[in-house]
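Okay, target-v1.txt now, which holds compact mmCIF, C-alpha atoms (C1' of nucleotides):
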# COMPACT_ATOMS: atom_id res chain seq x y z
CA MET F 1102 117.25 63.50 190.17
CA PRO F 1103 117.20 59.68 189.84
CA PHE F 1104 117.37 58.22 186.35
CA GLU F 1105 118.37 55.05 184.52
CA VAL F 1106 120.46 54.58 181.39
CA LEU F 1107 118.27 53.67 178.42
CA PRO F 1108 118.78 49.99 177.47
CA LEU F 1109 119.96 49.04 173.98
CA ASP F 1110 116.64 47.45 173.02
CA PHE F 1111 114.99 50.86 173.37
CA TYR F 1112 116.51 51.79 169.99
CA GLY F 1113 115.71 48.61 168.10
CA CYS F 1114 112.12 49.38 167.07
CA SER F 1115 110.83 51.62 164.27
CA THR F 1116 112.56 54.96 163.82
CA GLN F 1117 109.37 56.98 164.23
CA THR F 1118 108.55 55.15 167.45
CA VAL F 1119 112.00 55.85 168.84
CA ALA F 1120 111.74 59.50 167.78
CA ARG F 1121 108.43 59.84 169.63
CA GLU F 1122 109.60 57.94 172.70
CA LEU F 1123 112.77 60.02 172.98
CA LEU F 1124 110.72 63.11 173.85
CA GLY F 1125 111.27 63.74 177.55
CA LYS F 1126 114.37 61.55 177.84
CA LEU F 1127 117.61 62.98 179.20
CA LEU F 1128 120.79 63.59 177.24
CA VAL F 1129 123.70 63.27 179.67
CA ARG F 1130 127.27 64.39 179.01
CA THR F 1131 130.18 64.37 181.42
CA LEU F 1132 133.40 66.23 180.81
CA SER F 1133 136.12 67.56 183.06
CA ARG F 1134 134.32 66.21 186.13
CA ARG F 1135 131.22 68.20 185.25
CA ARG F 1136 127.83 66.93 184.11
CA LEU F 1137 125.58 68.42 181.46
CA ILE F 1138 121.95 67.31 181.22
CA GLY F 1139 119.28 68.30 178.72
CA ARG F 1140 115.73 67.07 178.28
CA ILE F 1141 114.95 66.14 174.68
CA VAL F 1142 112.08 68.28 173.35
CA GLU F 1143 112.37 67.95 169.56
CA THR F 1144 113.45 65.03 167.34
CA GLU F 1145 113.36 64.07 163.69
CA ALA F 1146 113.26 60.62 162.10
CA TYR F 1147 115.34 59.68 159.06
CA LEU F 1148 114.11 56.57 157.28
CA ALA F 1149 115.75 53.98 155.08
CA LYS F 1150 113.04 54.01 152.41
CA GLY F 1151 111.26 56.90 150.69
CA ASP F 1152 113.35 59.49 152.51
CA THR F 1153 115.84 61.12 150.16
CA ALA F 1154 117.03 63.50 152.87
CA CYS F 1155 118.40 60.56 154.85
CA HIS F 1156 122.16 60.32 154.51
CA ALA F 1157 121.89 56.56 154.12
CA ALA F 1158 119.58 56.92 151.09
CA ARG F 1159 122.44 57.00 148.59
CA GLY F 1160 124.38 54.12 150.05
CA ARG F 1161 127.12 53.60 152.54
CA THR F 1162 130.19 55.81 152.56
CA LYS F 1163 133.04 56.30 154.97
CA SER F 1164 131.37 59.31 156.57
CA ASN F 1165 127.90 57.83 157.09
CA ALA F 1166 129.09 54.36 158.11
CA ALA F 1167 127.98 54.82 161.73
CA MET F 1168 124.38 55.08 160.54
CA PHE F 1169 124.55 51.51 159.30
CA GLY F 1170 125.79 50.25 162.63
CA PRO F 1171 123.75 48.62 165.40
CA PRO F 1172 120.99 50.57 167.19
CA GLY F 1173 121.96 52.71 170.14
CA ARG F 1174 125.12 54.12 168.54
CA ALA F 1175 125.80 57.76 167.83
CA TYR F 1176 126.02 59.12 164.29
CA VAL F 1177 127.57 62.58 164.32
CA TYR F 1178 127.72 64.50 161.09
CA PRO F 1179 129.44 67.84 160.43
CA ILE F 1180 127.61 70.45 158.41
CA HIS F 1181 128.05 74.19 157.92
CA SER F 1182 130.83 74.36 160.51
CA ARG F 1183 128.73 72.66 163.17
CA HIS F 1184 127.60 69.15 164.08
CA CYS F 1185 124.36 67.17 164.18
CA PHE F 1186 123.84 64.40 166.73
CA ASN F 1187 121.85 61.33 165.72
CA ILE F 1188 121.02 58.03 167.38
CA VAL F 1189 120.98 54.90 165.24
CA THR F 1190 117.72 52.92 165.25
CA GLU F 1191 116.24 49.63 163.97
CA ALA F 1192 118.43 46.65 163.06
CA ASP F 1193 122.16 46.54 162.42
CA GLY F 1194 122.84 47.45 158.78
CA VAL F 1195 119.52 49.20 158.01
CA GLY F 1196 120.71 52.82 158.01
CA THR F 1197 118.11 54.75 160.00
CA ALA F 1198 118.51 57.28 162.80
CA VAL F 1199 116.84 59.97 164.90
CA LEU F 1200 118.25 63.49 164.81
CA ILE F 1201 118.09 65.33 168.15
CA ARG F 1202 116.89 68.82 167.22
CA ALA F 1203 116.47 70.54 170.58
CA VAL F 1204 116.83 69.99 174.32
CA GLU F 1205 115.79 71.96 177.38
CA PRO F 1206 118.85 72.64 179.55
CA ILE F 1207 118.53 71.00 182.97
CA GLU F 1208 121.96 70.83 184.59
CA GLY F 1209 125.34 72.41 183.87
CA ILE F 1210 123.79 75.42 182.19
CA ASP F 1211 126.74 77.68 182.97
CA LEU F 1212 129.13 75.35 181.14
CA MET F 1213 126.76 75.10 178.17
CA GLN F 1214 126.76 78.89 178.03
CA GLU F 1215 130.55 78.95 177.99
CA HIS F 1216 130.59 76.49 175.09
CA ARG F 1217 128.16 78.79 173.28
CA ASP F 1218 130.18 81.95 173.78
CA ARG F 1219 128.16 83.07 176.84
CA ASP F 1220 124.85 82.67 175.05
CA ARG F 1221 122.06 83.13 177.61
CA ARG F 1222 119.18 83.03 175.17
CA LEU F 1223 116.71 80.26 174.43
CA GLU F 1224 118.93 79.56 171.46
CA LEU F 1225 121.44 78.00 173.88
CA THR F 1226 120.16 74.50 173.08
CA ARG F 1227 117.52 75.11 170.37
CA GLY F 1228 118.56 73.62 167.04
CA PRO F 1229 120.70 70.56 166.25
CA GLY F 1230 123.92 72.52 165.69
CA ARG F 1231 123.52 74.70 168.75
CA LEU F 1232 122.82 71.85 171.16
CA CYS F 1233 125.93 70.05 169.93
CA GLN F 1234 127.95 73.17 170.56
CA ALA F 1235 126.45 73.55 174.06
CA PHE F 1236 127.22 69.90 174.89
CA ALA F 1237 130.60 69.86 173.12
CA ILE F 1238 129.50 66.97 170.90
CA ASP F 1239 131.62 66.48 167.80
CA ARG F 1240 132.73 63.71 165.47
CA HIS F 1241 134.77 61.91 168.06
CA PHE F 1242 131.43 60.54 169.31
CA ASP F 1243 130.70 58.99 165.91
CA HIS F 1244 130.11 55.22 166.42
CA TRP F 1245 129.88 55.80 170.20
CA ASN F 1246 127.88 53.22 172.13
CA LEU F 1247 125.41 55.38 174.05
CA THR F 1248 124.63 52.84 176.75
CA LYS F 1249 128.17 52.12 177.87
CA GLY F 1250 130.02 55.37 177.46
CA ARG F 1251 130.86 57.44 180.47
CA GLN F 1252 130.90 60.68 178.54
CA LEU F 1253 127.66 60.55 176.60
CA TRP F 1254 124.50 58.53 177.10
CA LEU F 1255 120.72 58.77 177.36
CA ALA F 1256 118.60 58.25 180.42
CA ASP F 1257 115.00 57.98 181.57
CA ASP F 1258 113.76 59.71 184.70
CA GLY F 1259 110.17 58.52 184.23
CA THR F 1260 108.88 61.70 182.60
CA GLN F 1261 106.13 60.95 180.06
CA PHE F 1262 103.99 63.11 177.83
CA ASP F 1263 100.55 62.31 176.50
CA GLU F 1264 99.21 63.09 173.05
CA LYS F 1265 98.07 66.61 173.89
CA ASP F 1266 101.59 67.58 174.98
CA ALA F 1267 103.43 66.04 172.03
CA GLY F 1268 103.03 67.27 168.45
CA ILE F 1269 103.93 65.67 165.14
CA SER F 1270 104.83 67.57 161.99
CA THR F 1271 105.83 66.73 158.46
CA ARG F 1272 109.38 67.49 157.52
CA ILE F 1273 110.06 70.57 155.48
CA GLY F 1274 111.77 69.76 152.21
CA VAL F 1275 111.04 66.09 151.72
CA THR F 1276 111.31 65.64 147.98
CA SER F 1277 109.91 62.14 147.67
CA GLY F 1278 106.20 62.20 146.78
CA ARG F 1279 104.20 62.59 149.95
CA GLU F 1280 105.36 64.38 153.03
CA LEU F 1281 105.70 62.23 156.09
CA PRO F 1282 105.15 62.92 159.81
CA LEU F 1283 108.75 62.76 160.91
CA ARG F 1284 109.25 65.63 163.33
CA PHE F 1285 108.25 65.23 166.96
CA PHE F 1286 108.17 68.07 169.48
CA LEU F 1287 106.69 69.19 172.77
CA ARG F 1288 104.01 71.84 172.45
CA ASP F 1289 104.48 75.06 174.38
CA CYS F 1290 108.15 74.41 174.99
CA PRO F 1291 110.23 77.54 174.37
CA TYR F 1292 113.26 75.45 173.43
CA VAL F 1293 111.44 73.98 170.42
CA SER F 1294 111.91 75.82 167.12
CA GLY F 1295 109.16 78.27 166.36
CA PRO F 1296 105.82 76.96 165.08
CA GLN F 1297 106.43 78.70 161.76
CA ARG F 1298 109.16 76.15 161.10
CA LEU F 1299 106.87 73.21 161.86
CA LYS F 1300 104.48 72.75 158.98
CA GLN F 1301 101.34 70.88 159.98
C1' DA V 813 140.52 69.27 140.40
C1' DA V 814 136.61 71.91 140.47
C1' DA V 815 131.88 72.58 141.38
C1' DA V 816 127.70 71.88 143.76
C1' DC V 817 125.22 70.84 147.66
C1' DG V 818 123.19 70.99 152.42
C1' DA V 819 119.65 67.12 158.47
C1' DT V 820 122.45 75.29 159.67
C1' DC V 821 122.88 79.76 161.69
C1' DT V 822 123.25 84.71 162.13
C1' DA V 823 122.20 89.18 161.08
C1' DC V 824 119.90 91.92 159.24
C1' DT V 825 114.88 94.45 157.94
C1' DG I 1364 111.00 86.52 156.71
C1' DT I 1365 115.27 85.95 154.07
C1' DA I 1366 120.03 86.73 152.13
C1' DG I 1367 124.56 85.36 152.78
C1' DA I 1368 128.44 82.93 155.25
C1' DT I 1369 130.62 78.82 155.44
C1' DC I 1370 133.07 74.15 154.73
C1' DG I 1371 133.23 68.97 154.58
C1' DT I 1372 131.44 65.62 151.46
C1' DT I 1373 129.97 64.03 147.17
C1' DT I 1374 129.58 64.36 142.33
C1' DT I 1375 131.25 65.46 137.96
C1' DG I 1376 134.63 66.23 134.22
Before we go any further, please render this structure as structure tokens.
Amino acid sequence: MPFEVLPLDFYGCSTQTVARELLGKLLVRTLSRRRLIGRIVETEAYLAKGDTACHAARGRTKSNAAMFGPPGRAYVYPIHSRHCFNIVTEADGVGTAVLIRAVEPIEGIDLMQEHRDRDRRLELTRGPGRLCQAFAIDRHFDHWNLTKGRQLWLADDGTQFDEKDAGISTRIGVTSGRELPLRFFLRDCPYVSGPQRLKQ
DNA sequence: AAAACGATCTACT
DNA sequence: GTAGATCGTTTTG
């Protein structure tokens, strides 16, 4: 499968645009001479303004510093004994990112299953915490430059989806006034969280 | 120093 | 569908 590493300028535009454009892109991880690949099927945008759920909303701290870095870096955050993998967007210092919520496993599935305690269900890579477990992504990737690293990067194999394949949903639990269309997902993909979790 | 919280997940029914 | 586990980070006293 031929593919190219995503260039840095891919991440520099608006967070929602990056979140939408990331659908179909490949998440690539190499470890112990093996390669894991997943196709991104669900993302979520976290904005600098009007988004109280965004970790950057209450200012910069030691633990969210990566989010304020230049676009194309990883921001990895631990929660509930697992990790969430984000990609920094927009300009250096802004504090926005896209959370990768689900991928479809493409290559190295047996190793992903080992990381997930032999999980052979759809849940192998469905959900931000589970996909990090499957790909062995943890905080040591915080601040990681995703275009230069040999262990973790994103790639494009030319796969595109049109509007009828890609859905947009408001985020559950946004507390600031109106709800915003921040969640992007591929319709009819079993690795996307169930439709009951995606409020239209 | 203690308490509260959460960008989650599992194990139930 | 939802109660409960779980733990690093942040907030509060």
Output the contact residues of chain F with respect to chain I at a cut-off of 10 Å, based on only C-alpha atoms (C1' of nucleotides), as a PyMOL selection string. chain F and resi 1162+1164+1178-1183
Suppose you want the space between CA of Leu1225 (chain F) and CA of Gly1268 (chain F); what is it in Å?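 So the two atoms, CA of Leu1225 (chain F) and CA of Gly1268 (chain F), lie 22.0 Å apart.
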At a cut-off of 9 Å from (126.9, 66.8, 164.6) in the coordinates of the file, what residues are picked up using all atoms listed in the file, written as a CSV table (one decimal) with C-alpha atoms, keeping the file's coordinate frame?
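Final output, part-v4.csv:
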chain,number,residue,atom,x,y,z
F,1176,TYR,CA,126.0,59.1,164.3
F,1177,VAL,CA,127.6,62.6,164.3
F,1178,TYR,CA,127.7,64.5,161.1
F,1179,PRO,CA,129.4,67.8,160.4
F,1180,ILE,CA,127.6,70.4,158.4
F,1183,ARG,CA,128.7,72.7,163.2
F,1184,HIS,CA,127.6,69.2,164.1
F,1185,CYS,CA,124.4,67.2,164.2
F,1186,PHE,CA,123.8,64.4,166.7
F,1187,ASN,CA,121.8,61.3,165.7
F,1229,PRO,CA,120.7,70.6,166.2
F,1230,GLY,CA,123.9,72.5,165.7
F,1233,CYS,CA,125.9,70.0,169.9
F,1234,GLN,CA,128.0,73.2,170.6
F,1238,ILE,CA,129.5,67.0,170.9
F,1239,ASP,CA,131.6,66.5,167.8
F,1240,ARG,CA,132.7,63.7,165.5
F,1243,ASP,CA,130.7,59.0,165.9
Identify the residues within 7 Å of coordinate (114.5, 61.8, 177.3) (same frame as the file), considering all atoms listed in the file, and give the answer as a list of chain:residue names.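 Those within range, by chain then number, are F:Leu1123, F:Leu1124, F:Gly1125, F:Lys1126, F:Leu1127, F:Leu1128, F:Arg1140, F:Ile1141, F:Leu1255, F:Ala1256, F:Asp1257.
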One decimal, Å: what's the distance from CA of Pro1108 (chain F) over to CA of Pro1172 (chain F), could you say?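 Interatomic distance, CA of Pro1108 (chain F) to CA of Pro1172 (chain F): 10.5 Å.
If you count all atoms listed in the file and ignore residues fewer than 4 places along the chain from Ala1120 (chain F), what sits within 10 Å of it is Tyr1112, Ser1115, Thr1116, Leu1124, Glu1143, Thr1144, Glu1145, Ala1146, Tyr1147, Ile1188, Thr1190, Ala1198, Val1199, Leu1200, Ile1201, Leu1283, Arg1284, Phe1285 and Phe1286 of chain F.
CA of Leu1232 (chain F) is positioned 19.6 Å from CA of Arg1272 (chain F).
Residues from chain V found within 8 Å of chain F are DG818, DA819 and DT820 of chain V, counting all atoms listed in the file.
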Export of prior selection with C-alpha atoms (C1' of nucleotides) as a PDB file, in the frame of the given file:
ATOM      1  C1'  DG V 818     123.190  70.990 152.420  1.00  0.00           C
ATOM      2  C1'  DA V 819     119.650  67.120 158.470  1.00  0.00           C
ATOM      3  C1'  DT V 820     122.450  75.290 159.670  1.00  0.00           C
TER       4       DT V 820
END
Leaving out Phe1169 (chain F) and any residue of its chain fewer than 6 positions from it, which residues lie within 9 Å of it when counting only C-alpha atoms (C1' of nucleotides), given as a PyMOL selection string? chain F and resi 1157+1161+1189+1192-1197
